[in-house]
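Reproduced below: run_37.pdb, with PDB, C-alpha atoms and all ligand atoms.
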ATOM      1  CA  MET A   1      10.119 -18.603 -15.635
ATOM      2  CA  VAL A   2      11.552 -15.125 -15.316
ATOM      3  CA  ASN A   3      15.263 -15.190 -14.672
ATOM      4  CA  ALA A   4      16.088 -12.610 -12.004
ATOM      5  CA  GLU A   5      19.495 -11.868 -13.505
ATOM      6  CA  ASN A   6      18.045 -11.179 -16.945
ATOM      7  CA  LEU A   7      15.388  -8.962 -15.434
ATOM      8  CA  PHE A   8      18.051  -7.126 -13.454
ATOM      9  CA  ILE A   9      20.216  -6.548 -16.539
ATOM     10  CA  ASN A  10      17.317  -5.567 -18.778
ATOM     11  CA  LEU A  11      16.100  -3.073 -16.218
ATOM     12  CA  ALA A  12      19.570  -1.503 -16.015
ATOM     13  CA  LYS A  13      19.692  -1.421 -19.808
ATOM     14  CA  SER A  14      16.362   0.334 -20.103
ATOM     15  CA  LEU A  15      17.238   2.932 -17.460
ATOM     16  CA  LEU A  16      20.907   3.559 -18.172
ATOM     17  CA  GLY A  17      21.609   2.229 -21.665
ATOM     18  CA  ASP A  18      23.609  -0.688 -23.068
ATOM     19  CA  GLU A  19      26.961   0.734 -21.938
ATOM     20  CA  VAL A  20      26.554  -0.186 -18.265
ATOM     21  CA  VAL A  21      25.683  -3.803 -18.944
ATOM     22  CA  ASP A  22      29.229  -5.202 -19.205
ATOM     23  CA  VAL A  23      30.129  -4.017 -15.689
ATOM     24  CA  LEU A  24      26.943  -5.401 -14.223
ATOM     25  CA  GLU A  25      27.420  -8.749 -15.979
ATOM     26  CA  VAL A  26      30.956  -9.131 -14.635
ATOM     27  CA  LEU A  27      29.739  -8.491 -11.103
ATOM     28  CA  LEU A  28      26.906 -10.993 -11.486
ATOM     29  CA  GLU A  29      29.191 -13.623 -13.016
ATOM     30  CA  LYS A  30      31.814 -13.236 -10.340
ATOM     31  CA  GLY A  31      29.276 -13.498  -7.539
ATOM     32  CA  THR A  32      31.624 -11.830  -5.051
ATOM     33  CA  GLU A  33      32.712  -8.269  -4.384
ATOM     34  CA  MET A  34      35.082  -6.710  -6.886
ATOM     35  CA  THR A  35      37.158  -3.539  -6.928
ATOM     36  CA  ASP A  36      36.860  -1.136  -9.864
ATOM     37  CA  GLU A  37      40.369  -2.165 -10.931
ATOM     38  CA  GLU A  38      39.505  -5.845 -10.945
ATOM     39  CA  ILE A  39      36.472  -5.115 -13.107
ATOM     40  CA  ALA A  40      38.567  -2.971 -15.469
ATOM     41  CA  ASN A  41      41.203  -5.721 -15.806
ATOM     42  CA  HIS A  42      38.550  -8.318 -16.414
ATOM     43  CA  LEU A  43      36.942  -6.250 -19.178
ATOM     44  CA  ASN A  44      40.223  -4.887 -20.462
ATOM     45  CA  VAL A  45      38.979  -1.293 -20.324
ATOM     46  CA  LYS A  46      40.060   1.883 -18.527
ATOM     47  CA  VAL A  47      39.357   2.020 -14.818
ATOM     48  CA  ASN A  48      37.851   5.517 -15.198
ATOM     49  CA  ASP A  49      35.208   4.163 -17.565
ATOM     50  CA  VAL A  50      34.371   1.459 -15.059
ATOM     51  CA  ARG A  51      34.064   4.044 -12.261
ATOM     52  CA  LYS A  52      31.710   6.179 -14.331
ATOM     53  CA  LYS A  53      29.466   3.201 -14.980
ATOM     54  CA  LEU A  54      29.572   2.095 -11.355
ATOM     55  CA  ASN A  55      28.483   5.571 -10.241
ATOM     56  CA  LEU A  56      25.551   5.542 -12.648
ATOM     57  CA  LEU A  57      24.554   2.084 -11.465
ATOM     58  CA  GLU A  58      24.902   3.118  -7.846
ATOM     59  CA  GLU A  59      22.627   6.163  -8.291
ATOM     60  CA  GLN A  60      19.856   3.879  -9.519
ATOM     61  CA  GLY A  61      20.428   1.317  -6.774
ATOM     62  CA  PHE A  62      21.804  -1.482  -8.971
ATOM     63  CA  VAL A  63      25.126  -1.752  -7.123
ATOM     64  CA  SER A  64      26.520  -0.685  -3.791
ATOM     65  CA  TYR A  65      29.971  -0.559  -2.269
ATOM     66  CA  ARG A  66      31.952  -1.001   0.886
ATOM     67  CA  LYS A  67      35.163   0.966   1.325
ATOM     68  CA  THR A  68      38.295   0.321   3.325
ATOM     69  CA  ARG A  69      41.476   2.340   3.624
ATOM     70  CA  ASP A  70      44.580   0.773   2.171
ATOM     71  CA  LYS A  71      47.208   0.560   4.911
ATOM     72  CA  ASP A  72      50.163   1.249   2.625
ATOM     73  CA  SER A  73      48.893   3.944   0.291
ATOM     74  CA  GLY A  74      46.229   5.505   2.545
ATOM     75  CA  TRP A  75      43.794   5.468  -0.387
ATOM     76  CA  TYR A  76      40.285   4.116  -0.128
ATOM     77  CA  ILE A  77      39.521   0.861  -1.874
ATOM     78  CA  TYR A  78      35.942   0.352  -3.025
ATOM     79  CA  TYR A  79      34.451  -3.120  -3.126
ATOM     80  CA  TRP A  80      31.398  -3.347  -5.365
ATOM     81  CA  ARG A  81      28.545  -5.811  -5.389
ATOM     82  CA  PRO A  82      25.322  -6.104  -7.423
ATOM     83  CA  ASN A  83      22.061  -5.521  -5.536
ATOM     84  CA  ILE A  84      20.163  -8.257  -7.278
ATOM     85  CA  ASP A  85      18.227  -9.039  -4.089
ATOM     86  CA  GLN A  86      16.850  -5.486  -4.194
ATOM     87  CA  ILE A  87      15.366  -5.764  -7.650
ATOM     88  CA  ASN A  88      11.829  -5.537  -6.270
ATOM     89  CA  GLU A  89      12.668  -2.266  -4.542
ATOM     90  CA  ILE A  90      14.169  -0.882  -7.751
ATOM     91  CA  LEU A  91      11.076  -1.902  -9.720
ATOM     92  CA  LEU A  92       8.845  -0.383  -7.088
ATOM     93  CA  ASN A  93      10.653   2.950  -7.245
ATOM     94  CA  ARG A  94      10.316   2.851 -11.010
ATOM     95  CA  LYS A  95       6.568   2.349 -10.687
ATOM     96  CA  ARG A  96       6.273   5.255  -8.265
ATOM     97  CA  LEU A  97       7.974   7.513 -10.808
ATOM     98  CA  ILE A  98       5.615   6.381 -13.572
ATOM     99  CA  LEU A  99       2.664   6.942 -11.259
ATOM    100  CA  ASP A 100       3.754  10.535 -10.614
ATOM    101  CA  LYS A 101       4.039  11.184 -14.336
ATOM    102  CA  LEU A 102       0.607   9.728 -15.057
ATOM    103  CA  LYS A 103      -0.957  11.843 -12.306
ATOM    104  CA  THR A 104       0.663  14.998 -13.652
ATOM    105  CA  ARG A 105      -0.618  14.147 -17.116
ATOM    106  CA  LEU A 106      -4.128  13.514 -15.802
ATOM    107  CA  GLU A 107      -4.167  16.906 -14.052
ATOM    108  CA  TYR A 108      -3.105  18.529 -17.307
ATOM    109  CA  GLU A 109      -5.909  16.786 -19.191
ATOM    110  CA  LYS A 110      -8.438  17.771 -16.529
ATOM    111  CA  ASN A 111      -7.393  21.410 -16.332
ATOM    112  CA  ASN A 112      -7.238  22.127 -20.042
ATOM    113  CA  THR A 113      -9.619  22.314 -22.949
ATOM    114  CA  PHE A 114      -8.383  20.944 -26.245
ATOM    115  CA  PHE A 115      -9.065  21.438 -29.924
ATOM    116  CA  ILE A 116      -8.170  19.113 -32.765
ATOM    117  CA  CYS A 117      -7.529  19.469 -36.465
ATOM    118  CA  PRO A 118      -9.810  17.127 -38.463
ATOM    119  CA  GLN A 119      -7.214  16.914 -41.254
ATOM    120  CA  ASP A 120      -4.010  15.921 -39.467
ATOM    121  CA  ASN A 121      -5.296  15.136 -35.962
ATOM    122  CA  SER A 122      -2.929  17.632 -34.299
ATOM    123  CA  ARG A 123      -4.151  18.582 -30.861
ATOM    124  CA  TYR A 124      -3.962  22.107 -29.426
ATOM    125  CA  SER A 125      -4.647  23.660 -26.059
ATOM    126  CA  PHE A 126      -7.313  26.354 -25.808
ATOM    127  CA  GLU A 127      -4.614  29.050 -25.680
ATOM    128  CA  GLU A 128      -2.922  27.739 -28.815
ATOM    129  CA  ALA A 129      -6.221  27.447 -30.643
ATOM    130  CA  PHE A 130      -7.302  30.909 -29.525
ATOM    131  CA  GLU A 131      -4.053  32.505 -30.694
ATOM    132  CA  ASN A 132      -4.544  30.943 -34.116
ATOM    133  CA  GLU A 133      -8.220  31.973 -34.298
ATOM    134  CA  PHE A 134      -9.257  28.328 -34.069
ATOM    135  CA  LYS A 135      -7.510  27.424 -37.304
ATOM    136  CA  CYS A 136      -4.843  24.713 -37.499
ATOM    137  CA  PRO A 137      -1.379  26.365 -37.582
ATOM    138  CA  LYS A 138      -0.152  23.530 -39.833
ATOM    139  CA  CYS A 139      -2.852  23.353 -42.508
ATOM    140  CA  GLY A 140      -5.369  26.126 -41.828
ATOM    141  CA  SER A 141      -8.367  23.824 -41.241
ATOM    142  CA  GLN A 142     -11.059  24.846 -38.779
ATOM    143  CA  LEU A 143     -10.302  23.268 -35.399
ATOM    144  CA  SER A 144     -13.013  21.411 -33.546
ATOM    145  CA  TYR A 145     -13.532  20.815 -29.850
ATOM    146  CA  TYR A 146     -11.728  17.728 -28.620
ATOM    147  CA  ASP A 147     -13.232  15.633 -25.872
ATOM    148  CA  SER A 148     -10.344  14.170 -23.857
ATOM    149  CA  GLU A 149     -12.607  11.928 -21.796
ATOM    150  CA  LYS A 150     -11.156   8.748 -23.326
ATOM    151  CA  ILE A 151      -7.625   9.822 -22.435
ATOM    152  CA  ARG A 152      -8.715  10.762 -18.912
ATOM    153  CA  THR A 153     -10.479   7.430 -18.434
ATOM    154  CA  PHE A 154      -7.436   5.567 -19.716
ATOM    155  CA  LEU A 155      -5.125   7.509 -17.400
ATOM    156  CA  GLU A 156      -7.414   6.972 -14.420
ATOM    157  CA  GLN A 157      -7.506   3.216 -15.049
ATOM    158  CA  LYS A 158      -3.747   3.052 -15.464
ATOM    159  CA  ILE A 159      -3.201   5.060 -12.245
ATOM    160  CA  LYS A 160      -5.543   2.781 -10.312
ATOM    161  CA  GLN A 161      -3.813  -0.328 -11.654
ATOM    162  CA  ILE A 162      -0.321   0.896 -10.745
ATOM    163  CA  GLU A 163      -1.465   2.090  -7.316
ATOM    164  CA  GLU A 164      -2.860  -1.379  -6.624
ATOM    165  CA  GLU A 165       0.360  -3.029  -7.813
ATOM    166  CA  ILE A 166       2.462  -0.764  -5.597
ATOM    167  CA  GLU A 167       0.245  -1.426  -2.598
ATOM    168  CA  LYS A 168       0.379  -5.178  -3.149
ATOM    169  CA  GLU A 169       4.146  -5.263  -3.595
ATOM    170  CA  THR A 170       4.759  -2.976  -0.634
ATOM    171  CA  LYS A 171       2.804  -5.415   1.552
ATOM    172  CA  LEU A 172       4.761  -8.359   0.142
ATOM    173  CA  GLY A 173       8.020  -6.583   0.877
ATOM    174  CA  ALA A 174       6.940  -5.815   4.432
ATOM    175  CA  ASN A 175       6.011  -9.472   4.992
ATOM    176  CA  ARG A 176       9.271 -10.680   3.520
ATOM    177  CA  SER A 177      11.445  -8.521   5.773
ATOM    178  CA  SER A 178       9.493  -9.164   8.967
TER     179      SER A 178
HETATM  180 ZN    ZN B   1      -4.261  20.723 -39.559
END

Is it possible to give me this structure as structure tokens?
Ligand SMILES: [Zn+2]
Amino acid sequence: MVNAENLFINLAKSLLGDEVVDVLEVLLEKGTEMTDEEIANHLNVKVNDVRKKLNLLEEQGFVSYRKTRDKDSGWYIYYWRPNIDQINEILLNRKRLILDKLKTRLEYEKNNTFFICPQDNSRYSFEEAFENEFKCPKCGSQLSYYDSEKIRTFLEQKIKQIEEEIEKETKLGANRSS
């Protein structure tokens, strides 16, 4: 069984690096809202470091905050919580980004002609090959035409698969919230 907390932490790790994990773990452990100072005390680190990490996490949707004004000092106090219930939304956004990248790559493959070096398998665009008189800039071998159909087919399959996943999960999300 996939543990939602592990998934949540691993996703944060892969997007933002290992550094943010301690803050996220404290919030998950605690299970209630915490101020940046409480987190800093708990971890025994500087509150500025905690704030930096919280901002990174907030940008990617992993945490959110509620703020109230302190009656005595007039300063705002931020109460942070982990958005573990929104993990599906975070994953979905991630998939949409990947989909965009794959589509851009597919367009590039479709709109360009490629040449390849038979010696070292380096691939060149038509312009690059033309400039080098169809010789490999690395080793001087004669370049040959490269059929990118396999790459295009792979990209098309991957795009279709991710589009179907997004559609399915968007429907699930809509059902869940209605
Ligand atoms: Zn070469």

Once 6 Å is added on each side, what centre and edge lengths in Å to one decimal does the axis-aligned box around all listed atoms of range 125-144 of chain A have, as lines of an AutoDock Vina configuration file?
center_x = -6.6
center_y = 27.0
center_z = -34.1
size_x = 24.9
size_y = 23.1
size_z = 28.8

Please write out the residues within 10 Å of ligand ZN 1 (chain B) as a ChimeraX atom specification, counting all atoms listed in the file. /A:116-123,135-143

For this file, the PyMOL selection byres (((chain A and resi 15) around 12) and not hetatm) selects which residues, as a list in words? Phe8, Ile9, Asn10, Leu11, Ala12, Lys13, Ser14, Leu16, Gly17, Asp18, Glu19, Val20, Val21, Leu56, Leu57, Glu59, Gln60, Gly61, Phe62, Ile90, Leu91 and Arg94 of chain A

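Closest to Asn6 in chain A among A:Glu89, A:Glu164, A:Glu25, A:Asp36 is A:Glu25, based on all atoms listed in the file.
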
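The smallest atom-to-atom distance between Tyr79 in chain A and any of A:Leu7, A:Leu54, A:Leu155, A:Leu97, using all atoms listed in the file, is found for A:Leu54.
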
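Across the structure, CA of Val63 in chain A and CA of Val50 in chain A are spaced 12.6 Å apart.
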